[in-house]
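Only one structure is covered here, and it is reproduced in the block below.
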2 protein chains.
Amino acid sequence: MLELAILGFLYDTPLHGYELRKRIAALTGHVKPVAESTLYPAIKRLEKAGLLARATEPGAVAAPRHVLTLTDAGRRELRHRLTEPDPRDISDENRWFTVLAFLRHLDDAAAQSVVLRRRLAFLEEPASFFYDGDRPLRAEELDDPFRRGILTIARATSRAELTWLRETIASLGG
Amino acid sequence: MLELAILGFLYDTPLHGYELRKRIAALTGHVKPVAESTLYPAIKRLEKAGLLARATEPGAVAAPRHVLTLTDAGRRELRHRLTEPDPRDISDENRWFTVLAFLRHLDDAAAQSVVLRRRLAFLEEPASFFYDGDRPLRAEELDDPFRRGILTIARATSRAELTWLRETIASLGG
DNA sequence: TATTAATACATCGGTATCGAGGTATAGGGT
DNA sequence: ACCCTATACCTCGATACCGATGTATTAATA
């Protein structure tokens, strides 16, 4: 998720680490903060893997900046991660939103559509958080108001997303 | 999140690891699967910390079962984790849902209400995934259909949850 | 008869993440 | 004179997690 966000932001324009940090904080930080001590090693990982290159510039006010640029391999890697996301990128909303945030970087509408359809298929599976044997329970069948809340909220999300997915898939010219 | 789920399930009744695994898979597995190699070490951690005790029983069909029972310290620990959740338990939906799934274990309606209010306060903060400087952007202001989707879905979730939270807080007799 | 699935647990190496702390510089407040 | 905040990067130890793999037994299936 973090690596995807780094690649995604750098796909548009080179950035130094500190700026990257602020953009990632804006994107996902209010839900799932990323520590500095996670970001810098992640950058090093991607650099070591040849996905990005580092150029040192004098800092605007403080220490020298390390301006990060995606290599060709890095650009390919982002497109690959967006084209064939990990199953967790589809099922987990945090990760799915990161995919969505950068899906525009796929220039092929058909490829974008395939990704949206995977999410659609996931949401169309009958799944719950609570079961009676194998049968998924509905909110109305639960006594616990908090568990009922989970199902109520999840259902509202699911409905909104299904509508949006179907509209967007259609508009991509499926 | 995993530890909370383990403590939460065992609060009701002793279970062996394999059964625990199935219950956790039902609760959060469709969104965020938990590997076996994560669960068993987590159980050991909690055992080592004195939060649960293990009793060996002959297995129904296969290897002997390790039936896990919460200790008094374990019961206190669950109540503590529910009473004062980590900020991430409030902001991250995956973790928040786990808190909600077991919030009934707090016998004090006032304490439950405090937790719901923390989530309410979080959702009421003006936050977006995308900004123009400091100003959160609305879905309508975005060209990218996928980023617009993120905001559309997030807004629908937020609306549904705010409604539910306010109703539930009121019904708890706030 | 062979194989697969389900039950039931466990270890091991590799990696991702976090919190705490460290090293600088510059500007503004008190 | 002092401290705080923001900029800008980094290290280190601890831990949590994952995938791969291992060990055993029973029941169903091909």
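Here, A, B, ... name the chains of the structure tokens in the order displayed, residue numbers run from 1 inside each chain, and ligands are numbered from 1 in the same displayed order.
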Interface, chain A side, toward chain B (6 Å; only C-alpha atoms) as a VMD selection string: chain A and resid 26 to 27 31 91 to 92 100 to 101 129 146 to 147 153 157 160 to 161
Shell around DT11 (chain D) at 12 Å using only C-alpha atoms (C1' of nucleotides), local window under 3 positions removed, as a ChimeraX atom specification: /A:36-38,40-41 /C:20-23
Counting only C-alpha atoms (C1' of nucleotides), chain D residues within 10 Å of chain B, as a PyMOL selection string: chain D and resi 16-19+23-27
What are the closest atom pairs, with distances in Å to one decimal, for each residue of chain C lying within 10 Å of chain B, using only C-alpha atoms (C1' of nucleotides), rows by chain and rising residue number, as CSV?
residue,atom,partner,partner_atom,distance
C:DA6,C1',B:Val61,CA,9.3
C:DT7,C1',B:Ala62,CA,5.4
C:DA8,C1',B:Ala63,CA,4.9
C:DC9,C1',B:Ala63,CA,7.0
C:DA10,C1',B:Tyr40,CA,8.0
C:DT11,C1',B:Ser37,CA,9.1
Å distance separating C1' of DA24 (chain C) from CA of Gly133 (chain B), one decimal place: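 Here the two named atoms are 27.5 Å from each other.
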Filtered DSSP result for region 2-116 of chain A, state alpha helix (DSSP H), as an MDAnalysis selection string: chainID A and resid 2:12 17:24 36:48 72:83 87:91 93:102 109:116
DSSP-assigned strand (DSSP E or B) among region 9-167 of chain B, expressed as a VMD selection string: chain B and resid 15 to 16 52 to 57 65 to 70 131 to 132 135 to 136
Between CA of Asp107 (chain A) and CA of Ile43 (chain A) - distance in Å to one decimal: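 Value for the CA of Ile43 (chain A)-CA of Asp107 (chain A) distance: 25.3 Å.
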